[in-house]
$ cat work14.cif   # mmCIF, C-alpha atoms
data_structure
loop_
_atom_site.label_atom_id
_atom_site.label_comp_id
_atom_site.auth_asym_id
_atom_site.auth_seq_id
_atom_site.Cartn_x
_atom_site.Cartn_y
_atom_site.Cartn_z
CA MET A 1 -14.27 28.65 29.56
CA ALA A 2 -11.03 30.61 29.10
CA CYS A 3 -7.66 29.16 29.93
CA GLN A 4 -4.95 30.70 32.12
CA ALA A 5 -2.16 29.42 29.85
CA PHE A 6 -1.76 28.21 26.30
CA CYS A 7 -4.59 25.67 26.38
CA GLY A 8 -4.05 23.90 23.09
CA GLY A 9 -0.46 23.01 23.96
CA LEU A 10 -1.34 21.88 27.47
CA ARG A 11 -4.21 19.76 26.19
CA ASP A 12 -2.13 18.24 23.40
CA ARG A 13 0.72 17.38 25.76
CA ALA A 14 -1.65 15.76 28.25
CA LEU A 15 -3.53 13.92 25.52
CA LEU A 16 -0.44 12.53 23.76
CA LEU A 17 1.34 11.53 26.98
CA LEU A 18 -1.76 9.86 28.43
CA CYS A 19 -2.42 8.02 25.15
CA PHE A 20 1.18 6.72 25.14
CA GLY A 21 1.39 6.06 28.90
CA GLY A 22 -1.85 4.07 28.91
CA ALA A 23 -1.43 2.40 25.51
CA LEU A 24 -4.90 3.77 24.84
CA ARG A 25 -6.99 3.52 21.73
CA ARG A 26 -8.14 6.94 20.57
CA SER A 27 -11.76 6.19 21.50
CA GLU A 28 -10.61 5.21 25.01
CA LEU A 29 -8.66 8.45 25.34
CA VAL A 30 -11.57 10.78 24.60
CA ALA A 31 -14.24 8.80 26.47
CA PRO A 32 -13.33 9.40 30.16
CA ASP A 33 -14.85 12.16 32.22
CA VAL A 34 -13.10 13.75 35.20
CA ALA A 35 -15.09 11.35 37.42
CA ASP A 36 -13.32 8.43 35.67
CA ILE A 37 -9.85 9.40 36.86
CA GLU A 38 -8.21 9.38 40.27
CA PHE A 39 -4.89 11.00 41.09
CA THR A 40 -2.88 8.97 43.60
CA ASP A 41 0.61 9.17 45.09
CA ASP A 42 1.71 6.48 42.63
CA GLY A 43 0.11 7.94 39.51
CA LEU A 44 -3.28 8.09 37.89
CA ARG A 45 -6.08 5.54 37.79
CA VAL A 46 -8.16 5.71 34.64
CA THR A 47 -11.45 3.85 34.36
CA ILE A 48 -12.27 2.86 30.81
CA SER A 49 -15.98 2.10 30.70
CA ARG A 50 -16.02 0.51 27.26
CA SER A 51 -13.51 -0.37 24.57
CA LYS A 52 -13.13 -2.21 21.31
CA THR A 53 -12.48 -5.48 23.14
CA ASP A 54 -15.08 -4.82 25.86
CA GLN A 55 -18.33 -4.55 23.96
CA GLU A 56 -20.31 -5.61 27.06
CA SER A 57 -19.05 -2.51 28.87
CA GLN A 58 -17.64 -4.39 31.86
CA GLY A 59 -15.00 -1.69 32.12
CA ALA A 60 -11.41 -1.72 33.31
CA THR A 61 -9.24 0.49 35.46
CA ILE A 62 -5.65 0.96 34.40
CA ALA A 63 -2.70 2.53 36.16
CA ILE A 64 -0.76 5.37 34.57
CA ILE A 65 2.61 5.66 36.25
CA ARG A 66 4.42 8.88 36.97
CA GLY A 67 7.28 9.78 34.70
CA GLY A 68 10.12 12.24 34.52
CA ALA A 69 10.11 15.10 32.02
CA CYS A 70 7.31 13.40 30.08
CA CYS A 71 4.96 12.62 32.94
CA PRO A 72 1.40 11.94 31.79
CA VAL A 73 0.07 12.38 35.34
CA LYS A 74 1.53 15.89 35.71
CA ALA A 75 0.43 16.79 32.18
CA VAL A 76 -3.20 15.80 32.80
CA LYS A 77 -3.20 17.65 36.13
CA ALA A 78 -1.71 20.77 34.49
CA TRP A 79 -4.40 20.69 31.77
CA LEU A 80 -7.25 20.31 34.26
CA ASP A 81 -5.83 22.95 36.62
CA ALA A 82 -5.23 25.51 33.85
CA THR A 83 -8.73 25.10 32.44
CA GLY A 84 -10.62 24.64 35.69
CA ILE A 85 -12.26 21.50 34.30
CA SER A 86 -13.71 19.65 37.29
CA GLU A 87 -16.47 17.59 35.67
CA GLY A 88 -17.49 16.27 32.30
CA PRO A 89 -15.11 15.34 29.48
CA ILE A 90 -11.40 15.56 30.23
CA PHE A 91 -10.34 16.33 26.68
CA ARG A 92 -12.23 19.06 24.86
CA PRO A 93 -11.80 21.16 21.75
CA VAL A 94 -9.89 24.42 22.16
CA ARG A 95 -10.98 27.25 19.88
CA LYS A 96 -9.41 30.58 18.95
CA GLY A 97 -8.56 32.74 21.91
CA ASP A 98 -7.89 29.65 24.02
CA LYS A 99 -11.58 29.09 24.56
CA VAL A 100 -12.19 25.58 25.86
CA ARG A 101 -15.45 24.09 24.64
CA GLN A 102 -17.76 22.02 26.83
CA SER A 103 -18.06 19.22 24.27
CA ARG A 104 -15.93 16.09 24.09
CA LEU A 105 -12.96 15.93 21.73
CA THR A 106 -13.57 13.39 18.94
CA ALA A 107 -11.52 10.26 18.30
CA LYS A 108 -10.70 11.59 14.83
CA SER A 109 -9.24 14.74 16.43
CA VAL A 110 -6.79 12.55 18.36
CA CYS A 111 -5.60 10.98 15.11
CA ASP A 112 -5.31 14.41 13.47
CA LEU A 113 -3.27 15.72 16.43
CA ALA A 114 -0.89 12.75 16.36
CA LYS A 115 -0.36 13.27 12.62
CA SER A 116 0.15 17.00 13.10
CA TYR A 117 2.84 16.51 15.74
CA ALA A 118 4.54 13.81 13.65
CA GLY A 119 4.67 16.34 10.81
CA LYS A 120 6.20 18.98 13.11
CA LEU A 121 8.96 16.45 13.84
CA GLY A 122 9.59 16.06 10.11
CA LEU A 123 8.05 12.60 9.93
CA ASN A 124 5.79 11.38 7.14
CA THR A 125 2.31 12.01 8.52
CA ALA A 126 0.87 9.18 6.43
CA ASP A 127 2.84 6.74 8.61
CA TYR A 128 1.52 8.03 11.94
CA GLY A 129 -1.72 8.36 13.84
CA ALA A 130 -3.19 7.75 17.28
CA ARG A 131 -2.45 4.03 17.00
CA SER A 132 1.25 4.93 16.76
CA LEU A 133 1.20 5.97 20.42
CA ARG A 134 -0.31 2.65 21.51
CA ALA A 135 2.13 0.72 19.34
CA GLY A 136 4.98 2.90 20.57
CA PHE A 137 4.23 2.13 24.21
CA LEU A 138 4.11 -1.62 23.59
CA THR A 139 7.22 -1.64 21.41
CA SER A 140 9.14 0.46 23.94
CA ALA A 141 8.00 -1.73 26.83
CA ALA A 142 9.08 -4.85 24.96
CA ARG A 143 12.49 -3.33 24.19
CA ARG A 144 12.92 -2.61 27.91
CA GLY A 145 12.19 -6.28 28.66
CA ALA A 146 8.77 -5.77 30.23
CA SER A 147 6.70 -8.89 30.82
CA VAL A 148 4.07 -9.46 28.13
CA PHE A 149 1.62 -10.05 30.98
CA LYS A 150 2.32 -6.60 32.45
CA MET A 151 2.08 -5.08 28.96
CA ARG A 152 -1.27 -6.81 28.54
CA ASP A 153 -2.46 -5.37 31.87
CA VAL A 154 -1.98 -1.89 30.43
CA SER A 155 -3.09 -2.48 26.83
CA ARG A 156 -5.93 -4.87 27.67
CA HIS A 157 -5.30 -6.97 24.55
CA LYS A 158 -7.56 -10.02 24.50
CA SER A 159 -5.28 -11.86 22.09
CA MET A 160 -1.72 -12.66 23.12
CA GLU A 161 -1.04 -13.26 19.42
CA VAL A 162 -1.80 -9.63 18.56
CA LEU A 163 0.24 -8.40 21.52
CA GLN A 164 3.10 -10.72 20.54
CA GLY A 165 3.24 -8.93 17.17
CA TYR A 166 4.52 -5.84 18.94
CA VAL A 167 7.06 -7.87 20.89
CA ARG A 168 8.39 -9.62 17.78
CA ASP A 169 8.93 -6.27 16.10
CA ALA A 170 10.82 -5.00 19.14
CA ASP A 171 13.01 -8.11 19.35
CA MET A 172 13.72 -8.39 15.64
CA PHE A 173 17.46 -7.72 15.99
CA ARG A 174 17.99 -8.98 19.54
CA ASP A 175 19.69 -12.36 19.76
CA HIS A 176 19.55 -12.67 15.95
CA ALA A 177 20.48 -16.10 14.53
CA GLY A 178 22.88 -14.42 12.10
CA ALA A 179 24.86 -12.58 14.81
CA GLY A 180 28.54 -13.26 14.27
CA LEU A 181 27.97 -14.97 10.91
CA LEU A 182 28.32 -11.88 8.76
#
$ encode --input "work14.cif" --output "C-alpha coordinates"
Amino acid sequence: MACQAFCGGLRDRALLLLCFGGALRRSELVAPDVADIEFTDDGLRVTISRSKTDQESQGATIAIIRGGACCPVKAVKAWLDATGISEGPIFRPVRKGDKVRQSRLTAKSVCDLAKSYAGKLGLNTADYGARSLRAGFLTSAARRGASVFKMRDVSRHKSMEVLQGYVRDADMFRDHAGAGLL
(Lines of atoms letter the chains of each structure in order from A and count residues from 1; the text may use other names and numbers.)
(Lines give C-alpha, C1' and ligand atoms only; values in the text may rest on other atoms or scores of the structure.)
Protein backbone atom coordinates (compact mmCIF):
# COMPACT_ATOMS: atom_id res chain seq x y z
CA MET A 1 0.00 0.00 0.00
CA ALA A 2 1.53 3.32 -1.06
CA CYS A 3 0.82 6.55 0.76
CA GLN A 4 -0.35 9.85 -0.74
CA ALA A 5 1.82 11.89 1.65
CA PHE A 6 4.85 11.36 3.84
CA CYS A 7 3.56 8.27 5.63
CA GLY A 8 6.19 7.85 8.31
CA GLY A 9 5.65 11.36 9.63
CA LEU A 10 1.87 11.06 9.56
CA ARG A 11 1.99 7.71 11.32
CA ASP A 12 4.46 8.92 13.93
CA ARG A 13 2.42 12.04 14.67
CA ALA A 14 -0.79 10.02 15.04
CA LEU A 15 0.93 7.37 17.13
CA LEU A 16 2.63 9.79 19.54
CA LEU A 17 -0.43 12.02 19.96
CA LEU A 18 -2.77 9.07 20.51
CA CYS A 19 -0.36 7.49 23.00
CA PHE A 20 -0.20 10.76 24.96
CA GLY A 21 -3.90 11.65 24.59
CA GLY A 22 -5.01 8.23 25.81
CA ALA A 23 -2.26 7.68 28.39
CA LEU A 24 -1.74 4.39 26.58
CA ARG A 25 0.78 1.69 27.24
CA ARG A 26 2.74 0.85 24.10
CA SER A 27 1.08 -2.57 23.83
CA GLU A 28 -2.34 -0.89 24.02
CA LEU A 29 -1.35 1.55 21.28
CA VAL A 30 -0.40 -1.06 18.70
CA ALA A 31 -3.17 -3.56 19.51
CA PRO A 32 -6.31 -1.83 18.12
CA ASP A 33 -7.63 -2.46 14.66
CA VAL A 34 -9.68 0.07 12.71
CA ALA A 35 -12.81 -1.74 13.95
CA ASP A 36 -11.78 -0.83 17.53
CA ILE A 37 -12.08 2.92 17.00
CA GLU A 38 -15.03 5.20 16.42
CA PHE A 39 -14.80 8.83 15.34
CA THR A 40 -17.47 10.98 16.98
CA ASP A 41 -18.27 14.70 17.09
CA ASP A 42 -16.61 14.85 20.51
CA GLY A 43 -13.49 12.88 19.67
CA LEU A 44 -12.44 9.29 19.28
CA ARG A 45 -13.55 6.18 21.14
CA VAL A 46 -10.86 3.54 21.42
CA THR A 47 -11.67 0.03 22.58
CA ILE A 48 -8.76 -1.64 24.31
CA SER A 49 -9.46 -5.37 24.30
CA ARG A 50 -6.72 -6.35 26.72
CA SER A 51 -4.08 -4.61 28.80
CA LYS A 52 -1.52 -5.19 31.50
CA THR A 53 -4.14 -4.67 34.20
CA ASP A 54 -6.89 -6.52 32.31
CA GLN A 55 -5.53 -10.02 31.92
CA GLU A 56 -9.06 -11.46 31.67
CA SER A 57 -9.63 -9.40 28.52
CA GLN A 58 -12.79 -7.70 29.75
CA GLY A 59 -11.81 -4.69 27.67
CA ALA A 60 -12.38 -0.98 28.11
CA THR A 61 -13.39 1.89 25.88
CA ILE A 62 -11.70 5.21 26.46
CA ALA A 63 -12.42 8.67 25.10
CA ILE A 64 -9.76 10.63 23.26
CA ILE A 65 -10.74 14.29 23.21
CA ARG A 66 -10.15 16.66 20.35
CA GLY A 67 -7.31 19.09 20.71
CA GLY A 68 -5.95 22.17 19.02
CA ALA A 69 -2.72 22.07 17.01
CA CYS A 70 -1.85 18.71 18.57
CA CYS A 71 -5.14 16.91 18.05
CA PRO A 72 -4.81 13.12 18.28
CA VAL A 73 -8.21 12.64 16.62
CA LYS A 74 -7.26 14.65 13.52
CA ALA A 75 -3.84 12.99 13.42
CA VAL A 76 -5.29 9.46 13.44
CA LYS A 77 -7.85 10.43 10.79
CA ALA A 78 -5.12 11.99 8.60
CA TRP A 79 -3.00 8.82 8.88
CA LEU A 80 -5.90 6.52 7.98
CA ASP A 81 -7.09 8.77 5.13
CA ALA A 82 -3.61 9.16 3.61
CA THR A 83 -2.94 5.43 3.67
CA GLY A 84 -6.43 4.20 2.83
CA ILE A 85 -6.33 1.86 5.83
CA SER A 86 -9.93 0.80 6.47
CA GLU A 87 -9.47 -2.51 8.28
CA GLY A 88 -6.86 -4.39 10.23
CA PRO A 89 -4.13 -2.81 12.36
CA ILE A 90 -4.20 0.97 12.71
CA PHE A 91 -0.47 1.38 13.16
CA ARG A 92 1.79 -0.42 10.72
CA PRO A 93 5.43 -0.34 9.67
CA VAL A 94 6.33 2.08 6.88
CA ARG A 95 9.17 0.97 4.62
CA LYS A 96 11.31 2.80 2.06
CA GLY A 97 9.31 4.56 -0.61
CA ASP A 98 6.49 5.18 1.86
CA LYS A 99 5.24 1.63 1.49
CA VAL A 100 2.85 0.79 4.32
CA ARG A 101 3.04 -2.83 5.39
CA GLN A 102 0.00 -4.93 6.26
CA SER A 103 1.50 -6.16 9.53
CA ARG A 104 1.04 -4.60 12.97
CA LEU A 105 3.66 -2.24 14.36
CA THR A 106 5.41 -3.78 17.39
CA ALA A 107 5.37 -2.40 20.92
CA LYS A 108 9.16 -2.12 20.78
CA SER A 109 8.84 0.09 17.68
CA VAL A 110 6.75 2.53 19.71
CA CYS A 111 9.50 2.78 22.32
CA ASP A 112 12.13 3.23 19.60
CA LEU A 113 10.07 6.01 17.97
CA ALA A 114 9.59 7.85 21.27
CA LYS A 115 13.34 7.67 21.91
CA SER A 116 14.11 8.82 18.37
CA TYR A 117 11.89 11.90 18.66
CA ALA A 118 13.29 12.70 22.11
CA GLY A 119 16.75 12.63 20.53
CA LYS A 120 15.63 14.96 17.74
CA LEU A 121 14.60 17.41 20.47
CA GLY A 122 18.08 17.20 21.99
CA LEU A 123 16.96 15.15 24.98
CA ASN A 124 18.85 12.21 26.43
CA THR A 125 17.21 9.22 24.75
CA ALA A 126 18.09 6.98 27.70
CA ASP A 127 15.60 8.97 29.79
CA TYR A 128 12.67 8.57 27.41
CA GLY A 129 10.48 5.88 25.91
CA ALA A 130 6.84 5.08 25.25
CA ARG A 131 6.08 5.18 28.98
CA SER A 132 7.15 8.84 28.94
CA LEU A 133 4.02 9.70 26.96
CA ARG A 134 1.74 7.97 29.48
CA ALA A 135 3.56 9.60 32.38
CA GLY A 136 3.51 12.94 30.57
CA PHE A 137 -0.25 12.84 30.15
CA LEU A 138 -0.84 12.04 33.82
CA THR A 139 1.68 14.60 35.06
CA SER A 140 0.24 17.29 32.78
CA ALA A 141 -3.32 16.46 33.82
CA ALA A 142 -2.35 16.65 37.49
CA ARG A 143 -0.64 20.02 36.96
CA ARG A 144 -3.85 21.31 35.36
CA GLY A 145 -5.79 20.21 38.45
CA ALA A 146 -7.64 17.30 36.86
CA SER A 147 -9.46 14.96 39.21
CA VAL A 148 -7.51 11.77 39.94
CA PHE A 149 -10.74 9.91 39.22
CA LYS A 150 -10.97 11.40 35.72
CA MET A 151 -7.26 10.67 35.19
CA ARG A 152 -7.90 7.09 36.26
CA ASP A 153 -10.77 6.84 33.75
CA VAL A 154 -8.28 7.52 30.97
CA SER A 155 -5.25 5.62 32.28
CA ARG A 156 -7.20 2.69 33.73
CA HIS A 157 -4.82 2.35 36.68
CA LYS A 158 -6.06 -0.31 39.10
CA SER A 159 -4.01 1.13 41.95
CA MET A 160 -4.67 4.67 43.15
CA GLU A 161 -1.27 4.48 44.85
CA VAL A 162 0.53 4.10 41.52
CA LEU A 163 -1.56 6.87 39.97
CA GLN A 164 -0.91 9.08 43.00
CA GLY A 165 2.83 8.79 42.27
CA TYR A 166 2.30 10.86 39.14
CA VAL A 167 0.23 13.41 41.03
CA ARG A 168 2.83 13.80 43.80
CA ASP A 169 5.51 14.47 41.21
CA ALA A 170 3.34 17.11 39.57
CA ASP A 171 2.52 18.81 42.88
CA MET A 172 6.03 18.69 44.31
CA PHE A 173 6.49 22.48 44.34
CA ARG A 174 2.84 23.54 44.66
CA ASP A 175 1.86 24.73 48.13
CA HIS A 176 5.32 23.76 49.43
CA ALA A 177 5.75 23.85 53.22
CA GLY A 178 8.91 25.92 52.80
CA ALA A 179 7.24 28.67 50.73
CA GLY A 180 8.10 32.02 52.26
CA LEU A 181 10.65 30.52 54.68
CA LEU A 182 13.66 30.87 52.42
$ residues_around --input "work14.cif" --residues "Gly21 of chain A" --least-positions-apart "3" --cutoff "7 Å" --atoms "all atoms listed in the file" --output "list in words"
Leu17, Leu18, Ile64, Pro72 and Phe137 of chain A
$ closest_atom_pairs --input "work14.cif" --of "segment 16-114 of chain A" --to "segment 146-167 of chain A" --cutoff "7 Å" --atoms "all atoms listed in the file" --output "CSV"
residue,atom,partner,partner_atom,distance
A:Gly22,CA,A:Val154,CA,6.2
A:Ala23,CA,A:Ser155,CA,5.3
A:Leu24,CA,A:Ser155,CA,6.8
A:Thr53,CA,A:Lys158,CA,6.8
A:Ile62,CA,A:Val154,CA,6.1
$ write_last_selection --input "work14.cif" --atoms "C-alpha atoms" --output "PDB file, in the frame of the given file"
ATOM      1  CA  GLY A  22      -1.850   4.070  28.910  1.00  0.00           C
ATOM      2  CA  ALA A  23      -1.430   2.400  25.510  1.00  0.00           C
ATOM      3  CA  LEU A  24      -4.900   3.770  24.840  1.00  0.00           C
ATOM      4  CA  THR A  53     -12.480  -5.480  23.140  1.00  0.00           C
ATOM      5  CA  ILE A  62      -5.650   0.960  34.400  1.00  0.00           C
TER       6      ILE A  62
END
$ closest_residue --input "work14.cif" --among "A:Arg66, A:Arg134, A:Lys96, A:Arg45" --to "Leu16 of chain A" --atoms "only C-alpha atoms"
A:Arg134
$ resolve_selection --input "work14.cif" --expression "the PyMOL selection byres ((chain A and resi 132) around 10)" --output "number ranges by chain"
A: 19-20, 23, 25, 111, 114-115, 118, 127-131, 133-138
$ closest_residue --input "work14.cif" --among "A:Ser86, A:Thr125, A:Thr106, A:Thr61" --to "Ala31 of chain A" --atoms "all atoms listed in the file"
A:Thr106
$ atom_distance --input "work14.cif" --atom1 "atom CA of Asp81 of chain A" --atom2 "atom CA of Val30 of chain A"
18.0 Å
$ closest_residue --input "work14.cif" --among "A:Cys71, A:Leu10, A:Leu181, A:Ala141" --to "Pro93 of chain A" --atoms "all atoms listed in the file"
A:Leu10
$ residues_around --input "work14.cif" --residues "Leu15 of chain A" --least-positions-apart "6" --cutoff "9 Å" --atoms "all atoms listed in the file" --output "ChimeraX atom specification"
/A:29-30,72,75-76,91,110
$ atom_distance --input "work14.cif" --atom1 "atom CA of Gly8 of chain A" --atom2 "atom CA of Ser27 of chain A"
19.4 Å
$ atom_distance --input "work14.cif" --atom1 "atom CA of Pro89 of chain A" --atom2 "atom CA of Val34 of chain A"
6.3 Å
$ closest_residue --input "work14.cif" --among "A:Met172, A:Val94, A:Ala14, A:Val46" --to "Leu80 of chain A" --atoms "only C-alpha atoms"
A:Ala14
$ closest_residue --input "work14.cif" --among "A:Ala179, A:Leu113, A:Ala60, A:Ile65" --to "Arg26 of chain A" --atoms "only C-alpha atoms"
A:Leu113
$ residues_around --input "work14.cif" --residues "Thr47 of chain A" --least-positions-apart "2" --cutoff "10 Å" --atoms "all atoms listed in the file" --output "mmCIF file with C-alpha atoms, in the frame of the given file"
data_model
loop_
_atom_site.group_PDB
_atom_site.id
_atom_site.type_symbol
_atom_site.label_atom_id
_atom_site.label_comp_id
_atom_site.auth_asym_id
_atom_site.auth_seq_id
_atom_site.Cartn_x
_atom_site.Cartn_y
_atom_site.Cartn_z
ATOM 1 C CA GLU A 28 -10.610 5.210 25.010
ATOM 2 C CA ALA A 31 -14.240 8.800 26.470
ATOM 3 C CA PRO A 32 -13.330 9.400 30.160
ATOM 4 C CA ASP A 33 -14.850 12.160 32.220
ATOM 5 C CA ALA A 35 -15.090 11.350 37.420
ATOM 6 C CA ASP A 36 -13.320 8.430 35.670
ATOM 7 C CA ILE A 37 -9.850 9.400 36.860
ATOM 8 C CA GLU A 38 -8.210 9.380 40.270
ATOM 9 C CA LEU A 44 -3.280 8.090 37.890
ATOM 10 C CA ARG A 45 -6.080 5.540 37.790
ATOM 11 C CA SER A 49 -15.980 2.100 30.700
ATOM 12 C CA ARG A 50 -16.020 0.510 27.260
ATOM 13 C CA GLY A 59 -15.000 -1.690 32.120
ATOM 14 C CA ALA A 60 -11.410 -1.720 33.310
ATOM 15 C CA THR A 61 -9.240 0.490 35.460
ATOM 16 C CA ILE A 62 -5.650 0.960 34.400
ATOM 17 C CA ALA A 63 -2.700 2.530 36.160
#
$ axis_aligned_box --input "work14.cif" --around "segment 62-81 of chain A" --padding-each-side "6 Å" --output "lines of an AutoDock Vina configuration file"
center_x = 1.4
center_y = 12.0
center_z = 33.5
size_x = 29.4
size_y = 34.0
size_z = 18.9
$ decode --input "work14.cif" --residues "segment 12-26 of chain A" --atoms "all heavy atoms" --output "PDB file, in the first residue's frame"
ATOM      1  N   ASP A  12       3.802   8.599  12.674  1.00  0.00           N
ATOM      2  CA  ASP A  12       4.461   8.919  13.934  1.00  0.00           C
ATOM      3  C   ASP A  12       3.699   9.981  14.706  1.00  0.00           C
ATOM      4  O   ASP A  12       3.527   9.878  15.922  1.00  0.00           O
ATOM      5  CB  ASP A  12       5.895   9.386  13.686  1.00  0.00           C
ATOM      6  CG  ASP A  12       6.774   8.293  13.098  1.00  0.00           C
ATOM      7  OD1 ASP A  12       6.315   7.132  12.998  1.00  0.00           O
ATOM      8  OD2 ASP A  12       7.914   8.611  12.728  1.00  0.00           O
ATOM      9  N   ARG A  13       3.206  10.987  14.013  1.00  0.00           N
ATOM     10  CA  ARG A  13       2.418  12.039  14.669  1.00  0.00           C
ATOM     11  C   ARG A  13       1.160  11.447  15.296  1.00  0.00           C
ATOM     12  O   ARG A  13       0.845  11.704  16.459  1.00  0.00           O
ATOM     13  CB  ARG A  13       2.055  13.129  13.660  1.00  0.00           C
ATOM     14  CG  ARG A  13       1.196  14.257  14.226  1.00  0.00           C
ATOM     15  CD  ARG A  13       0.954  15.332  13.168  1.00  0.00           C
ATOM     16  NE  ARG A  13       0.016  16.325  13.617  1.00  0.00           N
ATOM     17  CZ  ARG A  13       0.283  17.309  14.475  1.00  0.00           C
ATOM     18  NH1 ARG A  13       1.489  17.431  14.969  1.00  0.00           N
ATOM     19  NH2 ARG A  13      -0.657  18.169  14.834  1.00  0.00           N
ATOM     20  N   ALA A  14       0.438  10.636  14.528  1.00  0.00           N
ATOM     21  CA  ALA A  14      -0.786  10.019  15.036  1.00  0.00           C
ATOM     22  C   ALA A  14      -0.482   9.114  16.220  1.00  0.00           C
ATOM     23  O   ALA A  14      -1.172   9.145  17.242  1.00  0.00           O
ATOM     24  CB  ALA A  14      -1.477   9.225  13.922  1.00  0.00           C
ATOM     25  N   LEU A  15       0.550   8.321  16.093  1.00  0.00           N
ATOM     26  CA  LEU A  15       0.929   7.368  17.127  1.00  0.00           C
ATOM     27  C   LEU A  15       1.313   8.084  18.432  1.00  0.00           C
ATOM     28  O   LEU A  15       0.809   7.742  19.505  1.00  0.00           O
ATOM     29  CB  LEU A  15       2.098   6.533  16.598  1.00  0.00           C
ATOM     30  CG  LEU A  15       2.622   5.424  17.455  1.00  0.00           C
ATOM     31  CD1 LEU A  15       2.974   4.243  16.572  1.00  0.00           C
ATOM     32  CD2 LEU A  15       3.843   5.868  18.198  1.00  0.00           C
ATOM     33  N   LEU A  16       2.178   9.084  18.336  1.00  0.00           N
ATOM     34  CA  LEU A  16       2.634   9.786  19.540  1.00  0.00           C
ATOM     35  C   LEU A  16       1.502  10.577  20.198  1.00  0.00           C
ATOM     36  O   LEU A  16       1.365  10.566  21.426  1.00  0.00           O
ATOM     37  CB  LEU A  16       3.819  10.697  19.206  1.00  0.00           C
ATOM     38  CG  LEU A  16       5.091   9.971  18.756  1.00  0.00           C
ATOM     39  CD1 LEU A  16       6.112  10.971  18.220  1.00  0.00           C
ATOM     40  CD2 LEU A  16       5.676   9.130  19.868  1.00  0.00           C
ATOM     41  N   LEU A  17       0.679  11.246  19.393  1.00  0.00           N
ATOM     42  CA  LEU A  17      -0.425  12.021  19.962  1.00  0.00           C
ATOM     43  C   LEU A  17      -1.490  11.119  20.584  1.00  0.00           C
ATOM     44  O   LEU A  17      -2.035  11.438  21.647  1.00  0.00           O
ATOM     45  CB  LEU A  17      -1.052  12.933  18.906  1.00  0.00           C
ATOM     46  CG  LEU A  17      -0.208  14.132  18.490  1.00  0.00           C
ATOM     47  CD1 LEU A  17      -0.847  14.868  17.308  1.00  0.00           C
ATOM     48  CD2 LEU A  17       0.021  15.076  19.661  1.00  0.00           C
ATOM     49  N   LEU A  18      -1.783   9.988  19.950  1.00  0.00           N
ATOM     50  CA  LEU A  18      -2.770   9.066  20.510  1.00  0.00           C
ATOM     51  C   LEU A  18      -2.235   8.433  21.796  1.00  0.00           C
ATOM     52  O   LEU A  18      -2.977   8.289  22.772  1.00  0.00           O
ATOM     53  CB  LEU A  18      -3.148   7.989  19.499  1.00  0.00           C
ATOM     54  CG  LEU A  18      -4.246   7.024  19.938  1.00  0.00           C
ATOM     55  CD1 LEU A  18      -5.551   7.772  20.241  1.00  0.00           C
ATOM     56  CD2 LEU A  18      -4.473   5.959  18.874  1.00  0.00           C
ATOM     57  N   CYS A  19      -0.967   8.077  21.801  1.00  0.00           N
ATOM     58  CA  CYS A  19      -0.357   7.487  22.999  1.00  0.00           C
ATOM     59  C   CYS A  19      -0.454   8.468  24.169  1.00  0.00           C
ATOM     60  O   CYS A  19      -0.856   8.102  25.269  1.00  0.00           O
ATOM     61  CB  CYS A  19       1.095   7.126  22.715  1.00  0.00           C
ATOM     62  SG  CYS A  19       1.878   6.111  23.989  1.00  0.00           S
ATOM     63  N   PHE A  20      -0.115   9.730  23.924  1.00  0.00           N
ATOM     64  CA  PHE A  20      -0.195  10.764  24.959  1.00  0.00           C
ATOM     65  C   PHE A  20      -1.653  11.027  25.335  1.00  0.00           C
ATOM     66  O   PHE A  20      -2.019  10.985  26.513  1.00  0.00           O
ATOM     67  CB  PHE A  20       0.465  12.058  24.479  1.00  0.00           C
ATOM     68  CG  PHE A  20       0.404  13.174  25.487  1.00  0.00           C
ATOM     69  CD1 PHE A  20       1.356  13.275  26.479  1.00  0.00           C
ATOM     70  CD2 PHE A  20      -0.609  14.118  25.443  1.00  0.00           C
ATOM     71  CE1 PHE A  20       1.303  14.306  27.413  1.00  0.00           C
ATOM     72  CE2 PHE A  20      -0.671  15.144  26.372  1.00  0.00           C
ATOM     73  CZ  PHE A  20       0.290  15.236  27.359  1.00  0.00           C
ATOM     74  N   GLY A  21      -2.504  11.276  24.344  1.00  0.00           N
ATOM     75  CA  GLY A  21      -3.896  11.645  24.591  1.00  0.00           C
ATOM     76  C   GLY A  21      -4.715  10.575  25.288  1.00  0.00           C
ATOM     77  O   GLY A  21      -5.717  10.867  25.935  1.00  0.00           O
ATOM     78  N   GLY A  22      -4.294   9.324  25.162  1.00  0.00           N
ATOM     79  CA  GLY A  22      -5.008   8.226  25.805  1.00  0.00           C
ATOM     80  C   GLY A  22      -4.261   7.635  26.980  1.00  0.00           C
ATOM     81  O   GLY A  22      -4.716   6.655  27.567  1.00  0.00           O
ATOM     82  N   ALA A  23      -3.113   8.222  27.323  1.00  0.00           N
ATOM     83  CA  ALA A  23      -2.255   7.682  28.387  1.00  0.00           C
ATOM     84  C   ALA A  23      -2.087   6.172  28.193  1.00  0.00           C
ATOM     85  O   ALA A  23      -2.227   5.380  29.112  1.00  0.00           O
ATOM     86  CB  ALA A  23      -2.827   8.006  29.775  1.00  0.00           C
ATOM     87  N   LEU A  24      -1.787   5.800  26.951  1.00  0.00           N
ATOM     88  CA  LEU A  24      -1.742   4.390  26.585  1.00  0.00           C
ATOM     89  C   LEU A  24      -0.382   3.757  26.857  1.00  0.00           C
ATOM     90  O   LEU A  24       0.649   4.402  26.717  1.00  0.00           O
ATOM     91  CB  LEU A  24      -2.061   4.232  25.093  1.00  0.00           C
ATOM     92  CG  LEU A  24      -3.456   4.650  24.661  1.00  0.00           C
ATOM     93  CD1 LEU A  24      -3.559   4.652  23.140  1.00  0.00           C
ATOM     94  CD2 LEU A  24      -4.501   3.740  25.268  1.00  0.00           C
ATOM     95  N   ARG A  25      -0.429   2.502  27.208  1.00  0.00           N
ATOM     96  CA  ARG A  25       0.784   1.688  27.239  1.00  0.00           C
ATOM     97  C   ARG A  25       1.107   1.357  25.785  1.00  0.00           C
ATOM     98  O   ARG A  25       0.206   1.299  24.934  1.00  0.00           O
ATOM     99  CB  ARG A  25       0.544   0.403  28.025  1.00  0.00           C
ATOM    100  CG  ARG A  25       0.244   0.638  29.485  1.00  0.00           C
ATOM    101  CD  ARG A  25      -0.146  -0.678  30.178  1.00  0.00           C
ATOM    102  NE  ARG A  25      -0.420  -0.451  31.585  1.00  0.00           N
ATOM    103  CZ  ARG A  25      -1.621  -0.181  32.085  1.00  0.00           C
ATOM    104  NH1 ARG A  25      -2.674  -0.124  31.292  1.00  0.00           N
ATOM    105  NH2 ARG A  25      -1.778   0.012  33.383  1.00  0.00           N
ATOM    106  N   ARG A  26       2.362   1.097  25.494  1.00  0.00           N
ATOM    107  CA  ARG A  26       2.742   0.848  24.105  1.00  0.00           C
ATOM    108  C   ARG A  26       2.022  -0.371  23.525  1.00  0.00           C
ATOM    109  O   ARG A  26       1.648  -0.368  22.354  1.00  0.00           O
ATOM    110  CB  ARG A  26       4.252   0.757  23.951  1.00  0.00           C
ATOM    111  CG  ARG A  26       4.904  -0.333  24.742  1.00  0.00           C
ATOM    112  CD  ARG A  26       6.413  -0.241  24.673  1.00  0.00           C
ATOM    113  NE  ARG A  26       7.022  -1.288  25.463  1.00  0.00           N
ATOM    114  CZ  ARG A  26       8.267  -1.651  25.347  1.00  0.00           C
ATOM    115  NH1 ARG A  26       9.049  -1.061  24.463  1.00  0.00           N
ATOM    116  NH2 ARG A  26       8.764  -2.606  26.100  1.00  0.00           N
TER     117      ARG A  26
END
